[in-house]
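Dumped start_37.txt below, it's compact mmCIF, C-alpha atoms:
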# COMPACT_ATOMS: atom_id res chain seq x y z
CA MET A 1 28.42 32.57 -8.04
CA ARG A 2 29.23 29.61 -10.27
CA LYS A 3 27.25 29.00 -13.43
CA PRO A 4 25.18 25.77 -13.39
CA TRP A 5 27.18 24.27 -16.28
CA GLU A 6 30.36 24.89 -14.31
CA ILE A 7 28.90 22.89 -11.43
CA ILE A 8 27.97 20.12 -13.88
CA ALA A 9 31.57 20.07 -15.14
CA ASP A 10 32.83 19.68 -11.56
CA LEU A 11 30.38 16.85 -10.92
CA GLU A 12 31.43 15.08 -14.12
CA ALA A 13 35.09 15.32 -13.18
CA ASP A 14 34.89 13.28 -9.97
CA ASN A 15 33.19 9.89 -9.58
CA SER A 16 33.37 9.87 -5.79
CA ARG A 17 29.99 10.02 -4.07
CA LEU A 18 31.39 12.12 -1.25
CA ALA A 19 33.01 14.51 -3.71
CA LYS A 20 29.73 14.94 -5.59
CA GLU A 21 27.87 15.59 -2.34
CA ALA A 22 30.49 18.20 -1.39
CA ILE A 23 30.00 19.96 -4.73
CA VAL A 24 26.23 20.02 -4.25
CA GLN A 25 26.72 21.25 -0.66
CA GLN A 26 28.80 24.14 -1.99
CA ALA A 27 25.93 25.05 -4.34
CA VAL A 28 23.59 25.02 -1.33
CA ALA A 29 25.93 27.25 0.66
CA GLU A 30 26.09 29.85 -2.08
CA GLY A 31 22.32 29.75 -2.59
CA ASN A 32 22.57 28.80 -6.25
CA ASP A 33 18.86 28.94 -7.10
CA GLN A 34 19.59 28.69 -10.83
CA PHE A 35 21.33 25.32 -10.44
CA PHE A 36 18.68 23.81 -8.21
CA ARG A 37 15.83 25.01 -10.40
CA GLY A 38 17.38 23.22 -13.36
CA ALA A 39 18.22 20.14 -11.29
CA ARG A 40 14.61 19.81 -10.21
CA ALA A 41 13.31 20.22 -13.77
CA ALA A 42 15.69 17.50 -14.95
CA LEU A 43 15.25 15.07 -12.05
CA ASP A 44 11.58 15.45 -11.08
CA ALA A 45 9.84 12.71 -13.07
CA MET A 46 6.55 14.59 -13.00
CA ILE A 47 8.02 17.45 -15.03
CA THR A 48 8.16 16.50 -18.72
CA PHE A 49 8.67 18.62 -21.80
CA GLY A 50 7.10 16.44 -24.47
CA VAL A 51 10.10 16.45 -26.81
CA LYS A 52 12.19 13.55 -28.04
CA LYS A 53 14.99 15.35 -29.95
CA VAL A 54 17.09 18.19 -28.58
CA PRO A 55 20.12 19.12 -30.74
CA VAL A 56 23.75 19.34 -29.63
CA ILE A 57 25.43 22.52 -30.93
CA ASP A 58 29.02 22.92 -32.16
CA ALA A 59 29.29 26.71 -32.31
CA ASP A 60 28.85 29.53 -29.82
CA GLY A 61 25.98 31.98 -29.97
CA GLU A 62 25.73 35.24 -28.08
CA GLY A 63 24.39 33.50 -24.98
CA LEU A 64 20.92 32.45 -23.80
CA ASN A 65 19.00 34.46 -21.25
CA ASP A 66 17.94 32.24 -18.34
CA ASP A 67 14.47 33.79 -18.06
CA ALA A 68 13.90 33.28 -21.78
CA PHE A 69 14.75 29.58 -21.46
CA TRP A 70 12.38 29.05 -18.53
CA ALA A 71 9.54 30.83 -20.29
CA VAL A 72 9.79 28.31 -23.14
CA ALA A 73 10.43 25.34 -20.82
CA GLN A 74 7.39 26.12 -18.67
CA ALA A 75 5.16 26.48 -21.73
CA MET A 76 6.37 23.07 -22.90
CA ALA A 77 5.89 21.47 -19.47
CA GLU A 78 2.32 22.81 -19.32
CA ARG A 79 1.73 21.60 -22.91
CA GLN A 80 0.95 25.10 -24.11
CA LEU A 81 3.84 24.70 -26.57
CA THR A 82 4.02 21.36 -28.40
CA GLY A 83 4.94 19.71 -31.69
CA ASN A 84 6.66 21.73 -34.41
CA ALA A 85 6.22 24.96 -32.47
CA ALA A 86 8.16 23.49 -29.54
CA GLN A 87 10.91 22.20 -31.82
CA GLN A 88 11.23 25.63 -33.46
CA ALA A 89 11.50 27.30 -30.06
CA ILE A 90 14.23 24.82 -29.04
CA THR A 91 16.17 25.48 -32.23
CA ALA A 92 15.94 29.24 -31.69
CA MET A 93 17.28 28.90 -28.13
CA ALA A 94 20.10 26.59 -29.24
CA ASP A 95 21.15 29.11 -31.90
CA ARG A 96 21.49 31.85 -29.26
CA ALA A 97 23.27 29.78 -26.59
CA THR A 98 26.95 29.12 -26.09
CA GLN A 99 28.14 25.52 -26.38
CA ALA A 100 28.91 25.23 -22.66
CA GLU A 101 25.57 26.50 -21.40
CA TRP A 102 23.49 24.65 -23.98
CA ASN A 103 25.21 21.25 -24.28
CA SER A 104 26.03 20.92 -20.58
CA TRP A 105 22.99 22.58 -19.03
CA TYR A 106 19.86 23.69 -20.91
CA ARG A 107 19.85 20.73 -23.28
CA ARG A 108 20.28 18.29 -20.40
CA ILE A 109 17.30 19.81 -18.61
CA LEU A 110 15.10 19.27 -21.66
CA ILE A 111 16.27 15.67 -22.16
CA LYS A 112 15.90 15.15 -18.38
CA ASP A 113 19.38 13.73 -17.89
CA LEU A 114 22.09 15.79 -16.16
CA ARG A 115 24.68 13.12 -17.09
CA CYS A 116 26.90 13.84 -14.10
CA GLY A 117 26.14 10.97 -11.74
CA VAL A 118 23.73 12.94 -9.56
CA SER A 119 20.17 11.80 -8.80
CA GLU A 120 17.30 13.30 -6.84
CA LYS A 121 18.41 11.10 -3.93
CA THR A 122 21.86 12.70 -3.97
CA ILE A 123 20.44 16.21 -3.84
CA ASN A 124 17.80 15.41 -1.23
CA THR A 125 20.43 13.78 0.99
CA VAL A 126 22.56 16.92 0.87
CA VAL A 127 19.90 19.59 1.21
CA GLY A 128 17.97 17.73 3.92
CA LYS A 129 15.28 19.62 5.79
CA GLN A 130 17.30 22.81 6.15
CA ASN A 131 16.81 23.82 2.52
CA GLU A 132 13.43 22.37 1.58
CA LYS A 133 13.07 24.76 -1.37
CA TYR A 134 15.83 22.73 -3.07
CA THR A 135 14.24 19.33 -2.37
CA ILE A 136 13.22 17.32 -5.42
CA PRO A 137 9.91 15.38 -5.19
CA VAL A 138 10.34 11.62 -5.53
CA PHE A 139 7.90 9.94 -7.93
CA SER A 140 5.62 7.54 -6.11
CA CYS A 141 2.37 5.69 -6.72
CA GLN A 142 0.20 3.58 -4.43
CA LEU A 143 1.84 0.27 -3.47
CA ALA A 144 0.61 -2.81 -1.64
CA HIS A 145 1.75 -4.57 1.50
CA ASP A 146 2.14 -8.35 1.66
CA GLY A 147 -1.16 -9.79 2.85
CA ALA A 148 0.67 -12.60 4.69
CA ASN A 149 1.89 -9.97 7.17
CA HIS A 150 -1.55 -8.40 7.65
CA GLU A 151 -4.00 -11.28 8.01
CA SER A 152 -6.08 -9.24 10.48
CA LYS A 153 -6.87 -6.78 7.68
CA ILE A 154 -8.34 -9.45 5.42
CA THR A 155 -11.85 -9.22 6.88
CA GLY A 156 -15.15 -7.59 5.99
CA LYS A 157 -15.99 -6.29 2.53
CA LYS A 158 -13.06 -6.30 0.15
CA ILE A 159 -12.51 -5.70 -3.56
CA ILE A 160 -10.65 -8.62 -5.14
CA GLN A 161 -8.63 -8.42 -8.37
CA VAL A 162 -6.09 -10.71 -9.97
CA LYS A 163 -2.47 -9.55 -9.85
CA LEU A 164 -0.96 -9.47 -13.32
CA ASP A 165 2.66 -10.36 -13.98
CA GLY A 166 3.52 -7.31 -16.08
CA VAL A 167 5.00 -3.84 -15.80
CA ARG A 168 3.32 -1.18 -13.68
CA VAL A 169 2.42 1.85 -15.79
CA VAL A 170 1.24 5.25 -14.62
CA ALA A 171 -0.25 7.19 -17.55
CA ILE A 172 -0.68 10.95 -17.33
CA VAL A 173 -3.11 12.32 -19.91
CA TYR A 174 -3.57 16.03 -20.56
CA PRO A 175 -6.70 17.70 -22.02
CA ASN A 176 -4.73 18.73 -25.13
CA GLY A 177 -4.11 15.05 -25.99
CA THR A 178 -0.55 14.69 -24.70
CA CYS A 179 0.12 11.42 -22.88
CA ASN A 180 3.20 10.37 -20.88
CA LEU A 181 3.76 6.85 -19.56
CA PHE A 182 5.90 6.18 -16.47
CA SER A 183 7.11 3.14 -14.56
CA ARG A 184 6.33 2.89 -10.84
CA ASN A 185 9.70 4.56 -10.17
CA GLY A 186 9.06 7.50 -12.47
CA LYS A 187 11.07 6.36 -15.50
CA GLU A 188 9.39 7.50 -18.69
CA LEU A 189 8.33 4.63 -20.98
CA VAL A 190 8.51 5.41 -24.68
CA ASN A 191 7.84 2.01 -26.26
CA PHE A 192 4.05 2.11 -26.30
CA PRO A 193 2.99 4.81 -28.82
CA HIS A 194 -0.21 2.92 -29.62
CA ILE A 195 -1.28 3.22 -25.98
CA GLU A 196 -0.42 6.93 -25.95
CA SER A 197 -2.41 7.58 -29.15
CA GLN A 198 -5.47 5.77 -27.79
CA PHE A 199 -5.37 7.84 -24.59
CA ALA A 200 -5.04 10.98 -26.74
CA LYS A 201 -8.38 10.19 -28.39
CA THR A 202 -10.10 10.42 -24.99
CA ALA A 203 -8.58 13.76 -23.97
CA SER A 204 -11.46 15.86 -25.33
CA GLY A 205 -13.60 14.62 -22.46
CA MET A 206 -11.17 15.77 -19.77
CA ALA A 207 -11.59 18.93 -17.73
CA GLU A 208 -8.14 18.50 -16.13
CA PRO A 209 -5.05 16.28 -16.48
CA MET A 210 -5.74 12.74 -15.27
CA VAL A 211 -3.64 9.84 -14.02
CA PHE A 212 -4.47 6.26 -15.04
CA ASP A 213 -2.83 3.47 -13.05
CA GLY A 214 -2.43 -0.03 -14.41
CA GLU A 215 -0.30 -2.95 -15.57
CA ILE A 216 0.88 -3.51 -19.12
CA MET A 217 1.06 -7.02 -20.56
CA SER A 218 2.41 -8.50 -23.78
CA SER A 219 2.47 -11.95 -25.35
CA SER A 220 6.23 -11.59 -25.83
CA PHE A 221 6.75 -10.19 -22.39
CA GLN A 222 10.13 -11.70 -21.62
CA ASP A 223 11.60 -9.78 -24.56
CA LEU A 224 9.59 -6.72 -23.63
CA MET A 225 10.95 -6.76 -20.06
CA LYS A 226 14.49 -6.65 -21.43
CA GLN A 227 13.73 -3.70 -23.67
CA VAL A 228 11.04 -1.79 -21.80
CA HIS A 229 13.29 1.23 -21.20
CA ARG A 230 15.03 1.14 -24.57
CA LYS A 231 14.25 3.77 -27.15
CA SER A 232 14.70 1.72 -30.29
CA ASN A 233 14.41 -1.81 -31.73
CA VAL A 234 11.31 -2.54 -29.70
CA ASN A 235 8.14 -4.07 -31.09
CA ALA A 236 5.47 -3.69 -28.42
CA ASP A 237 2.41 -3.38 -30.64
CA ASP A 238 0.68 -6.31 -28.93
CA ALA A 239 0.97 -4.75 -25.46
CA VAL A 240 -2.30 -4.15 -23.60
CA LEU A 241 -2.68 -1.83 -20.63
CA HIS A 242 -5.00 -3.14 -17.91
CA LEU A 243 -6.23 -0.25 -15.73
CA PHE A 244 -7.23 -0.54 -12.08
CA ASP A 245 -7.33 3.09 -10.89
CA MET A 246 -7.70 6.71 -11.97
CA LEU A 247 -7.42 10.10 -10.27
CA PRO A 248 -6.69 13.77 -11.11
CA LEU A 249 -3.04 14.65 -11.67
CA GLN A 250 -3.22 17.39 -9.04
CA ALA A 251 -4.24 14.87 -6.36
CA PHE A 252 -1.54 12.44 -7.51
CA GLN A 253 1.09 15.16 -7.13
CA GLN A 254 -0.22 15.99 -3.66
CA GLY A 255 0.03 12.31 -2.71
CA LEU A 256 -3.60 11.86 -1.63
CA TYR A 257 -6.95 11.56 -3.41
CA LYS A 258 -9.85 11.58 -0.95
CA VAL A 259 -12.23 9.49 -3.03
CA SER A 260 -12.98 5.88 -2.11
CA GLN A 261 -11.55 2.93 -4.00
CA LEU A 262 -15.03 1.80 -5.03
CA ALA A 263 -15.97 5.24 -6.35
CA ARG A 264 -12.71 5.43 -8.33
CA LEU A 265 -13.43 2.06 -9.93
CA GLU A 266 -16.91 3.20 -10.86
CA SER A 267 -15.47 6.33 -12.49
CA LEU A 268 -12.93 4.23 -14.35
CA HIS A 269 -15.66 1.89 -15.56
CA ALA A 270 -17.70 4.84 -16.84
CA TRP A 271 -14.63 6.27 -18.61
CA LYS A 272 -13.93 2.95 -20.32
CA GLU A 273 -17.53 2.56 -21.42
CA GLN A 274 -17.49 6.04 -22.95
CA TRP A 275 -14.27 5.48 -24.89
CA ALA A 276 -14.39 1.72 -25.54
CA ASP A 277 -14.39 2.12 -29.33
CA VAL A 278 -11.13 4.08 -29.43
CA THR A 279 -9.22 2.26 -26.66
CA PRO A 280 -9.02 -1.41 -27.75
CA ASP A 281 -5.61 -1.85 -26.12
CA ILE A 282 -6.60 -0.13 -22.89
CA GLN A 283 -8.76 -2.42 -20.80
CA MET A 284 -10.21 -2.24 -17.30
CA LEU A 285 -9.04 -4.96 -14.94
CA GLY A 286 -12.02 -6.86 -13.59
CA HIS A 287 -12.92 -6.79 -9.91
CA GLU A 288 -15.36 -8.37 -7.50
CA THR A 289 -16.55 -7.32 -4.05
CA VAL A 290 -16.83 -10.08 -1.43
CA ASP A 291 -17.76 -10.00 2.24
CA LEU A 292 -15.15 -12.08 4.04
CA ASN A 293 -17.21 -12.04 7.25
CA THR A 294 -19.79 -14.33 5.65
CA ALA A 295 -19.52 -18.00 4.76
CA ALA A 296 -20.54 -17.25 1.18
CA GLY A 297 -17.92 -14.52 0.88
CA GLU A 298 -15.20 -16.72 2.35
CA GLN A 299 -16.07 -19.51 -0.08
CA ARG A 300 -16.08 -17.09 -3.01
CA PHE A 301 -12.66 -15.85 -1.92
CA LYS A 302 -11.34 -19.42 -2.00
CA ASN A 303 -12.84 -19.93 -5.46
CA ILE A 304 -11.17 -16.75 -6.76
CA ASN A 305 -7.86 -18.00 -5.41
CA ALA A 306 -8.30 -21.33 -7.15
CA ASP A 307 -9.23 -19.60 -10.42
CA ALA A 308 -6.12 -17.39 -10.11
CA ILE A 309 -3.95 -20.49 -9.80
CA HIS A 310 -5.54 -22.17 -12.82
CA GLY A 311 -5.26 -18.92 -14.79
CA GLY A 312 -1.55 -18.66 -14.09
CA TYR A 313 -1.80 -15.25 -12.41
CA GLU A 314 0.96 -13.93 -10.17
CA GLY A 315 -1.42 -13.42 -7.27
CA ILE A 316 -4.49 -11.56 -6.10
CA MET A 317 -5.02 -8.03 -4.82
CA ILE A 318 -7.24 -7.37 -1.81
CA LYS A 319 -8.41 -3.75 -1.62
CA ASP A 320 -10.38 -1.74 0.93
CA PRO A 321 -13.43 -0.34 -0.92
CA ASP A 322 -13.56 2.74 1.34
CA ALA A 323 -9.86 3.66 1.24
CA PHE A 324 -8.37 6.72 -0.49
CA TYR A 325 -5.53 6.67 -3.03
CA GLU A 326 -2.19 7.42 -1.35
CA THR A 327 1.16 7.55 -3.14
CA LYS A 328 2.91 5.21 -0.71
CA ARG A 329 2.83 1.61 0.47
CA THR A 330 -0.42 1.07 2.36
CA VAL A 331 -2.53 -1.73 3.86
CA ALA A 332 -5.47 -0.41 1.81
CA TRP A 333 -3.96 -2.64 -0.88
CA LEU A 334 -2.76 -6.12 0.07
CA LYS A 335 -1.10 -8.50 -2.35
CA ARG A 336 -1.23 -12.20 -1.84
CA LYS A 337 -0.10 -15.26 -3.69
CA PRO A 338 -3.08 -17.27 -4.90
CA PHE A 339 -3.70 -20.44 -2.95
CA LEU A 340 -5.99 -23.41 -2.91
CA GLU A 341 -7.47 -25.19 0.09
CA VAL A 342 -8.11 -28.91 0.09
CA SER A 343 -9.45 -31.37 2.64
CA LEU A 344 -7.48 -34.61 2.89
CA THR A 345 -7.49 -37.61 5.23
CA VAL A 346 -4.59 -38.36 7.58
CA VAL A 347 -3.26 -41.81 6.67
CA GLY A 348 0.05 -41.74 8.52
CA LEU A 349 2.47 -39.79 10.67
CA GLU A 350 6.14 -38.99 10.25
CA GLU A 351 8.49 -38.30 13.15
CA GLY A 352 10.37 -35.04 13.06
CA THR A 353 14.09 -34.45 13.01
CA GLY A 354 16.32 -31.94 14.75
CA LYS A 355 14.28 -29.90 17.21
CA ASN A 356 11.19 -31.97 16.29
CA ALA A 357 12.78 -35.31 17.11
CA GLY A 358 10.49 -37.31 19.38
CA ARG A 359 7.36 -35.50 18.19
CA LEU A 360 5.34 -35.07 15.00
CA GLY A 361 7.28 -33.93 11.95
CA ALA A 362 4.56 -34.18 9.30
CA LEU A 363 1.09 -35.53 8.64
CA ILE A 364 0.84 -37.92 5.69
CA CYS A 365 -2.42 -37.08 3.93
CA GLU A 366 -4.38 -38.52 1.02
CA GLY A 367 -7.60 -37.73 -0.77
CA GLU A 368 -9.16 -36.36 -3.92
CA ASP A 369 -9.74 -32.77 -5.00
CA ASP A 370 -11.03 -31.47 -8.32
CA GLY A 371 -10.80 -34.98 -9.78
CA LYS A 372 -7.14 -35.39 -8.80
CA LYS A 373 -5.78 -38.01 -6.43
CA ILE A 374 -3.50 -36.26 -3.95
CA ARG A 375 -0.89 -37.57 -1.53
CA THR A 376 1.30 -35.17 0.39
CA ASN A 377 3.23 -34.64 3.61
CA VAL A 378 2.22 -31.58 5.65
CA GLY A 379 4.70 -30.32 8.22
CA SER A 380 4.34 -26.55 7.97
CA GLY A 381 1.77 -24.68 10.07
CA LEU A 382 1.83 -27.06 13.04
CA THR A 383 2.46 -25.55 16.47
CA ASP A 384 4.90 -27.13 18.93
CA ASP A 385 2.04 -28.05 21.29
CA LEU A 386 0.08 -29.68 18.48
CA ARG A 387 3.11 -31.71 17.41
CA LEU A 388 3.44 -33.07 20.95
CA ASP A 389 -0.30 -33.75 21.40
CA ILE A 390 -0.61 -35.65 18.12
CA TRP A 391 2.53 -37.70 18.68
CA SER A 392 1.38 -38.72 22.17
CA ASP A 393 -1.91 -40.15 20.82
CA GLN A 394 -1.25 -41.06 17.20
CA LYS A 395 -4.24 -43.36 16.68
CA ALA A 396 -6.67 -40.55 17.45
CA VAL A 397 -5.50 -38.61 14.38
CA LEU A 398 -5.49 -41.41 11.80
CA GLY A 399 -8.57 -41.13 9.60
CA GLN A 400 -9.27 -37.52 10.58
CA VAL A 401 -9.85 -34.91 7.87
CA VAL A 402 -7.41 -32.03 7.76
CA GLU A 403 -7.73 -28.74 5.84
CA ILE A 404 -4.57 -27.76 3.99
CA ARG A 405 -3.59 -24.58 2.14
CA ALA A 406 -1.11 -24.79 -0.76
CA ASP A 407 0.16 -22.81 -3.73
CA ALA A 408 -0.86 -25.39 -6.33
CA THR A 409 -1.12 -29.06 -7.18
CA THR A 410 1.89 -30.73 -8.82
CA ARG A 411 2.44 -34.15 -10.36
CA ASN A 412 4.00 -36.65 -7.98
CA GLN A 413 7.46 -37.69 -9.18
CA ASP A 414 6.72 -41.35 -8.42
CA SER A 415 3.40 -41.59 -10.25
CA GLU A 416 1.70 -39.78 -13.13
CA ASP A 417 -1.72 -40.54 -11.64
CA ILE A 418 -1.06 -39.08 -8.20
CA TYR A 419 -0.55 -35.39 -7.42
CA SER A 420 1.19 -33.61 -4.58
CA LEU A 421 0.84 -30.07 -3.18
CA ARG A 422 3.33 -27.25 -3.56
CA PHE A 423 4.15 -25.60 -0.23
CA PRO A 424 1.37 -27.30 1.79
CA ARG A 425 0.48 -25.70 5.13
CA PHE A 426 -1.71 -27.12 7.89
CA LEU A 427 -4.79 -25.02 8.65
CA ARG A 428 -7.01 -27.05 10.95
CA PHE A 429 -8.67 -30.38 11.65
CA ARG A 430 -12.17 -30.32 10.24
CA GLY A 431 -14.92 -31.07 12.69
CA PHE A 432 -13.12 -30.16 15.91
CA ALA A 433 -14.16 -27.20 18.03
CA LYS A 434 -11.67 -24.34 18.35
CA GLY A 435 -9.12 -25.15 21.06
CA GLU A 436 -10.26 -28.76 21.42
CA LYS A 437 -7.44 -31.20 22.05
CA ILE A 438 -6.94 -34.17 19.72
Show this structure as structure tokens.
Amino acid sequence: MRKPWEIIADLEADNSRLAKEAIVQQAVAEGNDQFFRGARAALDAMITFGVKKVPVIDADGEGLNDDAFWAVAQAMAERQLTGNAAQQAITAMADRATQAEWNSWYRRILIKDLRCGVSEKTINTVVGKQNEKYTIPVFSCQLAHDGANHESKITGKKIIQVKLDGVRVVAIVYPNGTCNLFSRNGKELVNFPHIESQFAKTASGMAEPMVFDGEIMSSSFQDLMKQVHRKSNVNADDAVLHLFDMLPLQAFQQGLYKVSQLARLESLHAWKEQWADVTPDIQMLGHETVDLNTAAGEQRFKNINADAIHGGYEGIMIKDPDAFYETKRTVAWLKRKPFLEVSLTVVGLEEGTGKNAGRLGALICEGEDDGKKIRTNVGSGLTDDLRLDIWSDQKAVLGQVVEIRADATTRNQDSEDIYSLRFPRFLRFRGFAKGEKI
């Protein structure tokens, strides 16, 4: 049976995807457990060893026993071996190993980079369901669906939060004070040591490893976005992590935490209150519960949207207060661009073009909202039947009040005193019964 570092050499020698898959398939056929154990340790984002420097060697030792390596690696992964003790253990192993096995195999496991053009996707594609013991778990956190595609879900009691325009961060904190930060795709983030150190100060209150889910923001975020995965020349001291969820690591690894969204937020709030003095750069993202089945709740929802626009936020999050945390995309979380709704008066009509020739193209509307004079054309959101009905009796519509949804107000190019609407969409005529013809 081939040695794992021999397989790595074969993979490095050929850049063809099909060739790499054939090499992995050969390892499957021969039942090379040693190779796949190391591949999983290197490619599974949830396995980390807590070390930054692993030396390259330039001389051969007597050879490193595989069981001896895994005993040390497991102790490091479980954070039973850390700091100087871990570095000393690594040095001792490197001294015993040959150059081939250390530089091309054991070292690459510890630095979590096989450097041969093979990812967890490559291996999972090859092994499929026939060899599940060789499958590598894919890092995943809870993700949101687009609310525009699930309007029927935006009813009843919902938790509303603003959507920040930052980088998603999943922090894993261990009771011994170790903290690892990951992107939503499982890439380890190393540019926020001040966040890690603040989490470490809270570890004494943990009975088990915990996952904290949030979004990190910085005043110089454009530069930070370019360097977020770099390991040097990064100044991210002003970055603040805004948390919106927490759960045990064991549940996160299983992909399901059977505790409601509301209960998780309450636990997160209690955690933040307990450790507020030592976590100035770790904040809890605010939230509000509204009942969208009531007039008051619907109005509050509109106000939150308007505030999100004025605050320059990327959008809003709509969350089911009773839903569990699942590491996949789910309708329990819905993201939506913030919008405003205004009521304007129809002052004119514009004929359509193309397929809308001979019927209404857009309503010309004017009015005032939030102290701003607005004039805009609204053509989106109108049904074909409504376009025909309005065009056949145009006088009946003039002077009517129409409700319009838009992304924001913008200055009219022709006048500094008059505003327009960005992406206006017709909602309804105010004052008409549902289904009533114009």
Checklist entry - Using only C-alpha atoms, which residues sit within 12 Å of region 373-383 of chain A once same-chain residues fewer than 3 positions away are excluded, as a PyMOL selection string? => result chain A and resi 342-353+356+359-370+386-390+402-406+408-429
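A search radius of 10 Å centred on (-13.9, 10.6, -1.9), applied to only C-alpha atoms, returns the residues Tyr257, Lys258, Val259, Ser260, Gln261, Leu262, Ala263, Arg264, Asp322, Ala323, Phe324 and Tyr325 of chain A.
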Export of the given selection (C-alpha atoms) as an mmCIF file, in the frame of the given file:
data_model
loop_
_atom_site.group_PDB
_atom_site.id
_atom_site.type_symbol
_atom_site.label_atom_id
_atom_site.label_comp_id
_atom_site.auth_asym_id
_atom_site.auth_seq_id
_atom_site.Cartn_x
_atom_site.Cartn_y
_atom_site.Cartn_z
ATOM 1 C CA TYR A 257 -6.950 11.560 -3.410
ATOM 2 C CA LYS A 258 -9.850 11.580 -0.950
ATOM 3 C CA VAL A 259 -12.230 9.490 -3.030
ATOM 4 C CA SER A 260 -12.980 5.880 -2.110
ATOM 5 C CA GLN A 261 -11.550 2.930 -4.000
ATOM 6 C CA LEU A 262 -15.030 1.800 -5.030
ATOM 7 C CA ALA A 263 -15.970 5.240 -6.350
ATOM 8 C CA ARG A 264 -12.710 5.430 -8.330
ATOM 9 C CA ASP A 322 -13.560 2.740 1.340
ATOM 10 C CA ALA A 323 -9.860 3.660 1.240
ATOM 11 C CA PHE A 324 -8.370 6.720 -0.490
ATOM 12 C CA TYR A 325 -5.530 6.670 -3.030
#
Item to check | Long-range neighbours of Thr327 (chain A) as a ChimeraX atom specification, 12 Å cut-off, only C-alpha atoms, 4 positions minimum in chain | outcome: /A:137-144,170,184-185,213,247,249,251-258,332-333
Item to check | Local residues around (14.2, 17.2, -11.6), at most 9 Å away, using all atoms listed in the file, as a PyMOL selection string | outcome: chain A and resi 36-47+109+112-113+119-120+136-137
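Closest approach to Ser152 (chain A) among A:Thr279, A:Thr135, A:Asn293, A:Asn180: A:Asn293, based on all atoms listed in the file.
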Quick one: which region 102-171 of chain A residues come within 7 Å of region 53-69 of chain A, and what is the nearest atom pair for each with the distance in Å to one decimal, counting all atoms listed in the file, rows ordered by chain and ascending number, as JSON lines?
{"residue": "A:Asn103", "atom": "CA", "partner": "A:Val56", "partner_atom": "CA", "distance": 5.9}
{"residue": "A:Arg107", "atom": "CA", "partner": "A:Val54", "partner_atom": "CA", "distance": 6.5}
{"residue": "A:Ile111", "atom": "CA", "partner": "A:Val54", "partner_atom": "CA", "distance": 6.9}
Next on the checklist: Which residues are near Ala276 (chain A)? Cut-off 12 Å, all atoms listed in the file, ignore same chain within fewer than 5 positions. Put them as a VMD selection string.
Outcome noted: chain A and resid 198 to 199 201 to 202 268 to 271 281 to 284
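Near Gly50 (chain A), within 12 Å and counting all atoms listed in the file, sit Ala73, Gln74, Ala75, Met76, Ala77, Glu78, Arg79, Gln80, Leu81, Thr82, Gly83, Asn84, Ala85, Ala86, Gln87, Ile90, Leu110, Ile111, Lys112, Ile172, Val173, Tyr174, Gly177, Thr178, Cys179, Asn180, Leu181, Glu188 and Val190 of chain A; same-chain residues fewer than 6 positions away were not included.
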Checklist entry - Any idea what's packed within 6 Å of Pro248 (chain A), counting only C-alpha atoms, ignoring anything in its chain fewer than 2 positions away? Could you give it as number ranges by chain? => result A: 210-211, 250-251
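Going from CA of Leu334 (chain A) to CA of Gly286 (chain A) covers 16.5 Å.
In this model, the gap between CA of Ala89 (chain A) and CA of Trp5 (chain A) comes to 21.1 Å.
Straight-line separation from CA of His310 (chain A) to CA of Leu340 (chain A): 10.0 Å.
With all atoms listed in the file as the atoms that count, the minimum distance from Ile316 (chain A) to the choices A:Arg430, A:Lys163, A:His242, A:Lys372 is reached by A:Lys163.
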Using the incomplete input, complete region 68-74 of chain A to the level of N, CA, C and O atoms; output as a PDB file, in the coordinates of the input.
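Now in out09.pdb:
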ATOM      1  N   ALA A  68      14.470  33.644 -20.481  1.00  0.00           N
ATOM      2  CA  ALA A  68      13.900  33.280 -21.780  1.00  0.00           C
ATOM      3  C   ALA A  68      13.784  31.765 -21.911  1.00  0.00           C
ATOM      4  O   ALA A  68      12.784  31.235 -22.424  1.00  0.00           O
ATOM      5  N   PHE A  69      14.814  31.043 -21.421  1.00  0.00           N
ATOM      6  CA  PHE A  69      14.750  29.580 -21.460  1.00  0.00           C
ATOM      7  C   PHE A  69      13.577  29.068 -20.629  1.00  0.00           C
ATOM      8  O   PHE A  69      12.808  28.216 -21.080  1.00  0.00           O
ATOM      9  N   TRP A  70      13.420  29.577 -19.406  1.00  0.00           N
ATOM     10  CA  TRP A  70      12.380  29.050 -18.530  1.00  0.00           C
ATOM     11  C   TRP A  70      10.984  29.403 -19.007  1.00  0.00           C
ATOM     12  O   TRP A  70      10.037  28.658 -18.763  1.00  0.00           O
ATOM     13  N   ALA A  71      10.849  30.493 -19.727  1.00  0.00           N
ATOM     14  CA  ALA A  71       9.540  30.830 -20.290  1.00  0.00           C
ATOM     15  C   ALA A  71       9.115  29.774 -21.308  1.00  0.00           C
ATOM     16  O   ALA A  71       7.956  29.318 -21.328  1.00  0.00           O
ATOM     17  N   VAL A  72      10.079  29.348 -22.145  1.00  0.00           N
ATOM     18  CA  VAL A  72       9.790  28.310 -23.140  1.00  0.00           C
ATOM     19  C   VAL A  72       9.605  26.952 -22.451  1.00  0.00           C
ATOM     20  O   VAL A  72       8.667  26.203 -22.751  1.00  0.00           O
ATOM     21  N   ALA A  73      10.497  26.631 -21.502  1.00  0.00           N
ATOM     22  CA  ALA A  73      10.430  25.340 -20.820  1.00  0.00           C
ATOM     23  C   ALA A  73       9.112  25.178 -20.067  1.00  0.00           C
ATOM     24  O   ALA A  73       8.495  24.100 -20.085  1.00  0.00           O
ATOM     25  N   GLN A  74       8.649  26.219 -19.409  1.00  0.00           N
ATOM     26  CA  GLN A  74       7.390  26.120 -18.670  1.00  0.00           C
ATOM     27  C   GLN A  74       6.210  25.932 -19.609  1.00  0.00           C
ATOM     28  O   GLN A  74       5.301  25.149 -19.327  1.00  0.00           O
TER      29      GLN A  74
END
